[in-house]
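Structure file upload00.txt (compact mmCIF, C-alpha atoms and all ligand atoms) follows.
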```
# COMPACT_ATOMS: atom_id res chain seq x y z
CA MET A 1 6.87 21.66 12.83
CA THR A 2 6.20 24.90 11.02
CA MET A 3 2.80 26.59 11.05
CA ASN A 4 2.36 25.58 7.47
CA GLU A 5 2.98 21.92 8.17
CA SER A 6 0.58 21.74 11.07
CA LYS A 7 -2.20 22.94 8.77
CA LYS A 8 -1.65 20.18 6.26
CA LEU A 9 -4.34 17.52 5.94
CA ASN A 10 -3.40 14.03 7.10
CA ILE A 11 -3.02 10.99 4.90
CA PHE A 12 -2.61 7.56 6.42
CA SER A 13 -1.71 4.32 4.79
CA GLY A 14 -0.70 0.91 6.02
CA ILE A 15 1.53 -1.52 4.20
CA GLN A 16 1.57 -5.23 4.93
CA PRO A 17 5.15 -6.47 4.72
CA SER A 18 4.23 -9.59 2.80
CA GLY A 19 4.70 -10.73 -0.78
CA GLU A 20 6.92 -8.82 -3.17
CA LEU A 21 6.55 -5.19 -4.19
CA THR A 22 5.70 -5.11 -7.86
CA ILE A 23 6.10 -2.48 -10.49
CA GLY A 24 2.28 -2.45 -10.64
CA GLY A 25 2.16 -1.52 -6.97
CA TYR A 26 4.74 1.17 -7.55
CA ILE A 27 2.87 2.78 -10.43
CA GLY A 28 -0.57 2.37 -8.86
CA ALA A 29 0.31 3.54 -5.35
CA ILE A 30 3.87 4.39 -4.29
CA LYS A 31 4.46 6.80 -7.17
CA ASN A 32 1.44 8.82 -6.06
CA TRP A 33 2.57 8.86 -2.45
CA VAL A 34 5.86 10.39 -3.49
CA THR A 35 3.97 13.40 -4.83
CA LEU A 36 1.54 13.52 -1.89
CA GLN A 37 4.33 13.95 0.63
CA HIS A 38 4.69 17.59 -0.42
CA GLU A 39 1.05 18.55 0.08
CA TYR A 40 -0.02 16.42 3.01
CA GLN A 41 1.23 15.19 6.34
CA CYS A 42 1.60 11.54 5.44
CA LEU A 43 1.89 8.63 7.83
CA PHE A 44 3.07 5.34 6.38
CA MET A 45 2.87 2.39 8.69
CA LEU A 46 4.28 -1.10 8.40
CA ALA A 47 1.25 -3.17 9.38
CA ASP A 48 3.29 -5.88 11.08
CA LEU A 49 0.53 -6.76 13.55
CA HIS A 50 -1.93 -7.28 10.71
CA THR A 51 0.57 -9.62 9.08
CA LEU A 52 0.34 -11.94 12.09
CA THR A 53 -3.25 -12.85 11.19
CA VAL A 54 -1.63 -15.37 8.85
CA LEU A 55 1.05 -17.66 10.28
CA GLN A 56 4.51 -16.15 9.71
CA ASP A 57 8.07 -17.33 9.97
CA PRO A 58 9.42 -15.00 12.72
CA GLU A 59 12.85 -14.34 11.18
CA MET A 60 11.38 -13.80 7.73
CA LEU A 61 8.83 -11.34 9.05
CA ARG A 62 11.45 -9.25 10.82
CA LYS A 63 13.68 -9.24 7.74
CA ARG A 64 10.80 -8.30 5.44
CA CYS A 65 9.89 -5.29 7.56
CA TYR A 66 13.36 -3.85 6.97
CA ASP A 67 13.24 -4.86 3.29
CA PHE A 68 9.97 -3.01 2.82
CA LEU A 69 11.08 0.06 4.69
CA ALA A 70 14.29 0.32 2.66
CA LEU A 71 12.42 -0.18 -0.58
CA TYR A 72 9.81 2.51 0.16
CA ILE A 73 12.56 4.96 0.98
CA ALA A 74 14.46 3.94 -2.17
CA CYS A 75 11.28 4.72 -4.15
CA GLY A 76 11.32 8.28 -2.85
CA ILE A 77 9.28 8.22 0.37
CA ASP A 78 11.35 10.64 2.42
CA PRO A 79 11.65 9.79 6.13
CA ALA A 80 12.28 13.44 6.90
CA LYS A 81 8.97 14.54 5.35
CA ASN A 82 6.74 11.64 6.33
CA ILE A 83 6.13 9.68 9.48
CA LEU A 84 7.36 6.16 8.78
CA PHE A 85 6.80 3.70 11.58
CA ALA A 86 5.94 0.16 12.61
CA GLN A 87 2.49 -0.59 14.02
CA SER A 88 3.94 -2.75 16.80
CA HIS A 89 6.07 0.17 18.04
CA VAL A 90 3.02 2.28 18.83
CA PRO A 91 0.95 0.48 21.50
CA GLU A 92 -1.96 2.90 21.06
CA HIS A 93 -3.03 0.89 18.00
CA THR A 94 -3.87 -2.24 19.95
CA GLN A 95 -5.27 -0.18 22.81
CA LEU A 96 -7.75 1.72 20.63
CA SER A 97 -8.49 -1.47 18.77
CA TRP A 98 -9.79 -3.04 21.99
CA ILE A 99 -12.12 -0.13 22.63
CA LEU A 100 -13.42 -0.22 19.04
CA ASN A 101 -13.97 -3.98 19.32
CA CYS A 102 -16.61 -3.16 21.88
CA TYR A 103 -18.47 -1.00 19.35
CA ALA A 104 -18.07 -3.15 16.24
CA HIS A 105 -20.76 -5.71 15.57
CA MET A 106 -20.22 -9.37 14.73
CA GLY A 107 -22.64 -9.04 11.83
CA GLU A 108 -20.84 -6.21 10.09
CA LEU A 109 -17.45 -7.90 10.40
CA ASN A 110 -18.95 -11.12 9.11
CA ARG A 111 -19.92 -9.34 5.91
CA MET A 112 -16.35 -8.38 5.04
CA THR A 113 -15.46 -10.09 1.78
CA GLN A 114 -11.76 -10.17 2.65
CA PHE A 115 -12.55 -12.12 5.81
CA LYS A 116 -14.62 -14.58 3.80
CA ASP A 117 -11.87 -14.96 1.18
CA LYS A 118 -9.09 -15.35 3.71
CA SER A 119 -11.13 -17.85 5.72
CA LYS A 120 -11.32 -19.99 2.62
CA GLN A 121 -7.61 -19.57 1.89
CA HIS A 122 -6.56 -20.35 5.45
CA ALA A 123 -9.30 -22.76 6.48
CA ALA A 124 -7.09 -24.35 9.14
CA ASN A 125 -6.38 -21.03 10.86
CA ILE A 126 -9.49 -18.86 10.97
CA ASN A 127 -8.31 -16.92 14.00
CA VAL A 128 -9.94 -14.12 15.95
CA GLY A 129 -7.31 -11.69 14.66
CA LEU A 130 -8.41 -12.35 11.10
CA PHE A 131 -11.99 -11.56 12.09
CA GLY A 132 -11.03 -8.37 13.94
CA TYR A 133 -8.57 -7.26 11.24
CA PRO A 134 -10.68 -4.30 10.06
CA VAL A 135 -11.14 -3.07 13.63
CA LEU A 136 -7.37 -2.81 14.06
CA MET A 137 -7.33 -0.97 10.73
CA ALA A 138 -9.94 1.41 12.11
CA ALA A 139 -7.71 2.11 15.10
CA ASP A 140 -4.76 2.75 12.75
CA VAL A 141 -6.64 5.35 10.79
CA LEU A 142 -8.68 7.00 13.54
CA LEU A 143 -5.78 7.58 15.96
CA TYR A 144 -4.31 10.18 13.61
CA GLN A 145 -7.40 12.25 12.73
CA THR A 146 -6.87 11.06 9.18
CA HIS A 147 -8.56 12.98 6.38
CA TYR A 148 -7.65 10.68 3.51
CA VAL A 149 -6.76 7.03 3.11
CA PRO A 150 -5.38 5.98 -0.28
CA VAL A 151 -7.05 2.63 -0.80
CA GLY A 152 -7.08 0.05 -3.51
CA GLU A 153 -10.23 -1.77 -4.58
CA ASP A 154 -9.63 -4.56 -2.05
CA GLN A 155 -9.68 -2.20 0.95
CA LYS A 156 -12.72 -0.07 0.06
CA GLN A 157 -15.13 -2.15 2.11
CA HIS A 158 -12.81 -1.87 5.12
CA LEU A 159 -12.72 1.89 4.78
CA GLU A 160 -16.53 1.99 4.71
CA LEU A 161 -16.56 0.02 7.95
CA ILE A 162 -14.01 2.40 9.50
CA ARG A 163 -16.26 5.33 8.60
CA ASP A 164 -19.30 3.59 10.08
CA LEU A 165 -17.45 2.88 13.32
CA ALA A 166 -16.19 6.45 13.57
CA LEU A 167 -19.64 7.90 12.94
CA ARG A 168 -21.20 5.55 15.51
CA PHE A 169 -18.63 6.52 18.10
CA ASN A 170 -18.91 10.25 17.37
CA HIS A 171 -22.69 10.04 17.51
CA ARG A 172 -22.53 8.68 21.04
CA TYR A 173 -19.61 10.68 22.45
CA GLY A 174 -19.19 13.81 20.34
CA ASP A 175 -16.75 14.64 17.59
CA VAL A 176 -13.68 12.74 18.66
CA PHE A 177 -12.72 11.16 15.32
CA THR A 178 -12.21 12.81 11.95
CA ILE A 179 -14.24 10.85 9.40
CA PRO A 180 -11.73 9.56 6.83
CA GLU A 181 -12.37 9.58 3.11
CA PRO A 182 -10.86 7.43 0.42
CA TYR A 183 -8.13 9.18 -1.51
CA ILE A 184 -8.59 8.74 -5.24
CA PRO A 185 -5.42 9.74 -7.10
CA LYS A 186 -5.80 12.40 -9.78
CA GLN A 187 -4.24 10.09 -12.30
CA GLY A 188 -3.39 6.54 -11.61
CA ALA A 189 -2.54 3.77 -13.98
CA ARG A 190 -3.64 0.26 -13.24
CA ILE A 191 -1.08 -2.31 -14.29
CA MET A 192 -2.44 -5.72 -15.08
CA SER A 193 -0.93 -9.19 -14.84
CA LEU A 194 1.54 -9.96 -17.64
CA GLN A 195 -0.01 -13.29 -18.55
CA ASP A 196 -3.62 -12.52 -17.77
CA PRO A 197 -4.21 -8.84 -18.56
CA THR A 198 -7.79 -9.03 -17.28
CA GLN A 199 -6.44 -9.37 -13.70
CA LYS A 200 -4.59 -6.76 -11.69
CA MET A 201 -0.85 -7.33 -11.28
CA SER A 202 -0.66 -8.63 -7.74
CA LYS A 203 2.24 -9.19 -5.38
CA SER A 204 0.60 -12.34 -4.07
CA ASP A 205 0.09 -14.02 -7.44
CA ALA A 206 1.21 -17.66 -7.37
CA ASN A 207 2.53 -17.40 -10.92
CA LEU A 208 5.79 -15.45 -10.73
CA HIS A 209 5.64 -14.67 -14.44
CA ASN A 210 2.59 -12.49 -13.89
CA PHE A 211 4.44 -9.68 -12.18
CA ILE A 212 7.70 -7.77 -12.17
CA THR A 213 9.07 -6.99 -8.75
CA LEU A 214 10.99 -3.83 -7.98
CA LEU A 215 14.07 -5.94 -7.29
CA ASP A 216 13.94 -8.22 -10.34
CA GLU A 217 17.25 -8.65 -12.15
CA PRO A 218 17.50 -7.37 -15.75
CA ASP A 219 17.50 -10.89 -17.20
CA THR A 220 14.45 -11.88 -15.21
CA ILE A 221 12.63 -8.82 -16.53
CA ARG A 222 13.60 -9.63 -20.13
CA HIS A 223 12.45 -13.19 -19.68
CA LYS A 224 9.09 -12.20 -18.13
CA LEU A 225 8.43 -9.64 -20.85
CA LYS A 226 9.15 -12.18 -23.56
CA ARG A 227 6.53 -14.45 -22.08
CA ALA A 228 3.97 -11.71 -21.53
CA THR A 229 0.66 -12.27 -23.29
CA THR A 230 0.20 -10.28 -26.45
CA ASP A 231 -2.86 -10.25 -28.63
CA SER A 232 -3.63 -11.46 -32.10
CA GLY A 233 -2.64 -9.12 -34.92
CA HIS A 234 0.60 -7.23 -34.95
CA GLU A 235 -0.18 -3.56 -34.34
CA ILE A 236 0.97 -1.66 -31.29
CA ARG A 237 -2.27 0.07 -30.47
CA PHE A 238 -4.08 0.90 -27.23
CA ASN A 239 -7.45 -0.86 -27.11
CA LEU A 240 -8.51 -2.45 -23.85
CA THR A 241 -11.14 -4.78 -25.27
CA GLU A 242 -9.39 -5.92 -28.42
CA LYS A 243 -5.79 -5.74 -27.25
CA PRO A 244 -5.64 -6.00 -23.44
CA GLY A 245 -2.07 -7.41 -23.43
CA ILE A 246 -0.51 -4.76 -25.66
CA SER A 247 -2.52 -2.02 -23.94
CA ASN A 248 -1.15 -3.11 -20.58
CA LEU A 249 2.41 -3.02 -21.90
CA LEU A 250 1.77 0.46 -23.32
CA VAL A 251 0.56 1.71 -19.94
CA LEU A 252 3.60 0.22 -18.28
CA PHE A 253 5.96 1.64 -20.93
CA SER A 254 4.36 5.06 -20.58
CA ALA A 255 4.61 5.03 -16.78
CA VAL A 256 8.32 4.20 -16.71
CA THR A 257 9.30 6.65 -19.45
CA ASP A 258 6.79 9.46 -18.83
CA LYS A 259 6.00 9.39 -22.57
CA THR A 260 2.33 9.50 -23.51
CA ILE A 261 0.62 6.42 -24.88
CA LEU A 262 -0.14 8.35 -28.03
CA ALA A 263 3.52 9.18 -28.57
CA LEU A 264 4.47 5.55 -28.05
CA GLU A 265 1.79 4.33 -30.47
CA THR A 266 3.09 6.76 -33.07
CA SER A 267 6.68 5.67 -32.73
CA TYR A 268 5.65 2.03 -33.29
CA GLN A 269 3.16 2.58 -36.07
CA HIS A 270 5.42 0.91 -38.62
CA ALA A 271 6.44 -1.91 -36.33
CA ASN A 272 6.36 -5.35 -37.75
CA GLY A 273 5.16 -7.59 -34.92
CA TYR A 274 5.66 -7.31 -31.19
CA GLY A 275 9.25 -8.50 -30.70
CA GLN A 276 11.13 -5.21 -30.79
CA PHE A 277 8.39 -3.45 -28.82
CA LYS A 278 8.57 -5.99 -25.99
CA GLN A 279 12.35 -5.72 -25.92
CA ASP A 280 12.10 -1.94 -25.68
CA VAL A 281 9.58 -2.18 -22.86
CA SER A 282 11.90 -4.44 -20.88
CA GLU A 283 14.90 -2.15 -21.39
CA ALA A 284 12.83 0.85 -20.29
CA ILE A 285 11.73 -0.97 -17.12
CA ILE A 286 15.31 -2.04 -16.38
CA ALA A 287 16.57 1.54 -16.78
CA PHE A 288 13.79 2.83 -14.58
CA LEU A 289 14.38 0.31 -11.78
CA SER A 290 18.15 0.52 -11.76
CA PRO A 291 18.52 3.68 -9.58
CA ILE A 292 15.81 2.42 -7.18
CA GLN A 293 17.66 -0.87 -6.85
CA SER A 294 21.01 0.75 -6.11
CA ARG A 295 19.49 3.07 -3.50
CA TYR A 296 17.79 0.04 -1.97
CA GLN A 297 21.04 -1.95 -1.73
CA ALA A 298 22.77 0.94 0.02
CA LEU A 299 19.93 1.54 2.51
CA ARG A 300 19.30 -2.11 3.27
CA LYS A 301 22.92 -2.64 4.34
CA ASP A 302 22.54 -0.20 7.21
CA GLU A 303 20.00 -1.73 9.59
CA THR A 304 21.02 0.61 12.41
CA GLU A 305 19.97 3.57 10.27
CA LEU A 306 16.66 1.88 9.40
CA GLN A 307 16.06 1.30 13.12
CA ARG A 308 16.79 4.94 13.80
CA ILE A 309 14.22 5.98 11.20
CA LEU A 310 11.60 3.71 12.76
CA HIS A 311 12.41 5.01 16.21
CA GLN A 312 11.95 8.62 15.13
CA GLY A 313 8.76 7.66 13.33
CA ALA A 314 7.32 5.89 16.35
CA LEU A 315 8.04 8.90 18.58
CA ALA A 316 6.24 11.25 16.18
CA ALA A 317 3.35 8.83 15.74
CA ARG A 318 2.93 8.24 19.49
CA GLU A 319 2.68 11.92 20.17
CA LYS A 320 -0.38 12.14 17.92
CA ALA A 321 -1.86 8.75 18.77
CA SER A 322 -1.69 9.16 22.53
CA ALA A 323 -3.65 12.42 22.38
CA THR A 324 -6.54 10.69 20.60
CA LEU A 325 -6.43 7.62 22.83
CA LYS A 326 -6.51 9.75 25.97
CA LYS A 327 -9.67 11.51 24.80
CA VAL A 328 -11.31 8.19 23.95
CA TYR A 329 -10.45 6.62 27.32
CA THR A 330 -11.98 9.56 29.14
CA LEU A 331 -15.09 9.64 26.96
CA VAL A 332 -15.93 5.96 27.48
CA GLY A 333 -15.55 6.33 31.24
CA LEU A 334 -12.14 4.92 32.11
CA MET A 335 -10.40 6.37 35.14
CA GLU A 336 -7.51 8.70 34.75
CA SER A 337 -4.22 6.94 35.45
CA THR A 338 -2.11 9.18 37.61
N1 LIG A 401 -4.99 -3.91 5.26
C1 LIG A 401 -4.13 -3.11 4.45
C2 LIG A 401 -3.64 -3.94 3.27
O1 LIG A 401 -3.57 -5.14 3.37
C3 LIG A 401 -2.97 -2.58 5.23
C4 LIG A 401 -3.41 -1.65 6.30
C5 LIG A 401 -3.35 -1.84 7.64
C6 LIG A 401 -4.00 -0.36 6.08
N2 LIG A 401 -3.86 -0.76 8.29
C7 LIG A 401 -4.25 0.16 7.37
C8 LIG A 401 -4.32 0.37 4.94
C9 LIG A 401 -4.85 1.40 7.52
C10 LIG A 401 -4.90 1.62 5.10
C11 LIG A 401 -5.18 2.13 6.38
O2 LIG A 401 -3.31 -3.39 2.26
```
Rewrite the structure from the file as structure tokens, please.
Ligand code: TRP
Amino acid sequence: MTMNESKKLNIFSGIQPSGELTIGGYIGAIKNWVTLQHEYQCLFMLADLHTLTVLQDPEMLRKRCYDFLALYIACGIDPAKNILFAQSHVPEHTQLSWILNCYAHMGELNRMTQFKDKSKQHAANINVGLFGYPVLMAADVLLYQTHYVPVGEDQKQHLELIRDLALRFNHRYGDVFTIPEPYIPKQGARIMSLQDPTQKMSKSDANLHNFITLLDEPDTIRHKLKRATTDSGHEIRFNLTEKPGISNLLVLFSAVTDKTILALETSYQHANGYGQFKQDVSEAIIAFLSPIQSRYQALRKDETELQRILHQGALAAREKASATLKKVYTLVGLMEST
């Protein structure tokens, strides 16, 4: 590592290998990460242990981890610039998680809205892992002296908890953890569901017509776009309250072509209805996804190479994680293991 690289601030993010990666997720998150990798030391972790808090099919889970890794790399996350690894390959995560469990309070975990939501969704399997989920997240982030965590709306409360835990620990033992902050992208577009543009496009939506995945075939994309909700009237104009459907398509169109919304509005000012516009949006999405999809196919074929990337990532991650864990063990009073 060069001097310059060691001075970079750290960014950490975890990815649950579940559901499908959507174009909304790409534009809202992955696209930003691709630019961050030049300015920050980024760690991207497959949160496979977190995924186990909901019952998984073992073979599917393993396959999905490789799928996700290949797709992130295909999107431009460079394994030579970033540390890409699997949570289960770095035992320090579960080790620190145990220690932090002893400092986290039942009451504060009970207040987590995600825990409440997931308990309703999985009423037959409200397991201890689901309850302790944010504590494992805290271990993920705090092991790497993380400065910034790019978080979506749904993870903000967890990040607050992580900060509380870190402050509590530091208050008792001295400055062992960097206090992480949420990373708010300079410019980020929020892509909404195709059929209900008041909701975010989500990879776990039960209605498959609500989202476009990064691996959707051209015809699937055309079909989904045709069915996308548009608004009354016939103008192609950005207006979130009056025309949420068309506005969403404009944001999407703009993100995949790098044209401004204004320029797009202008080029459709004489349009007669939405038909041609929707067709153009689908063709633009197809053209945008095509190189990502071919890179993905090539990478996904070579599982040995994906394993090599994860192995390298785990080595780099362990070097950092073990230093933090060692300090923590000593501070709380555990004996040195010789
Ligand atoms: N819980 C996160 C999610 O579902 C994934 C995750 C695990 C994570 N550990 C993390 C995100 C640490 C940020 C930091 O999206």
Nearby residues, ligand LIG 401 (chain A), 10 Å, all atoms listed in the file, as a PyMOL selection string: chain A and resi 11-18+43-51+87+93+114+133-142+146+148-156+158-159+162+180+182
Å distance separating CA of Lys278 (chain A) from CA of Arg222 (chain A), one decimal place: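 Separation of CA of Lys278 (chain A) and CA of Arg222 (chain A): 8.5 Å.
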Interatomic distance, CA of Ala298 (chain A) to CA of Cys75 (chain A) (Å, one decimal):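 Atom-to-atom, CA of Ala298 (chain A) and CA of Cys75 (chain A) are spaced 12.8 Å apart.
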Residue nearest Phe169 (chain A) - candidates A:Asn101, A:Ala29, A:Ala206, A:Asn125, atoms counted: all atoms listed in the file: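 Looking only at the distances to Phe169 (chain A), the closest residue turns out to be A:Asn101.
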Residues near region 300-313 of chain A, cut-off 8 Å, only C-alpha atoms, skip fewer than 6 positions along chain, as a ChimeraX atom specification: /A:66-67,69-70,79,83-86
For Pro185 (chain A), the nearest of the candidates A:Thr35, A:Gln279, A:Ser254, A:Thr229, counting all atoms listed in the file: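 Among A:Thr35, A:Gln279, A:Ser254, A:Thr229, it is A:Thr35 that comes nearest to Pro185 (chain A).
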For Lys243 (chain A), the nearest of the candidates A:Pro197, A:Lys224, A:Leu61, A:Leu334, counting only C-alpha atoms: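 Selected residue with least distance to Lys243 (chain A): A:Pro197.
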Interatomic distance, CA of Arg227 (chain A) to CA of Gln276 (chain A) (Å, one decimal):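 Distance reported for this atom pair: 13.5 Å.
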Residue nearest Leu214 (chain A) - candidates A:Gln145, A:Ser290, A:Ser193, A:Gln121, atoms counted: all atoms listed in the file: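 Looking only at the distances to Leu214 (chain A), the closest residue turns out to be A:Ser290.
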Polymer residues at most 9 Å from (17.2, -5.4, -11.7) by only C-alpha atoms, as a list in words: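 Residues lying no farther than 9 Å from the given point: Thr213, Leu214, Leu215, Asp216, Glu217, Pro218, Asp219, Thr220, Ile221, Ile285, Ile286, Ala287, Leu289, Ser290 and Gln293 of chain A.
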Option closest in space to Leu249 (chain A), from A:Gly174, A:Gly24, A:Gly233, A:Gly76 [counting only C-alpha atoms]: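 Answer, going by the shortest atom-to-atom distance: A:Gly24.
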Residue nearest Ile236 (chain A) among A:Asn272, A:Ser294, A:Ser202, A:Gln195 (counting all atoms listed in the file): A:Asn272
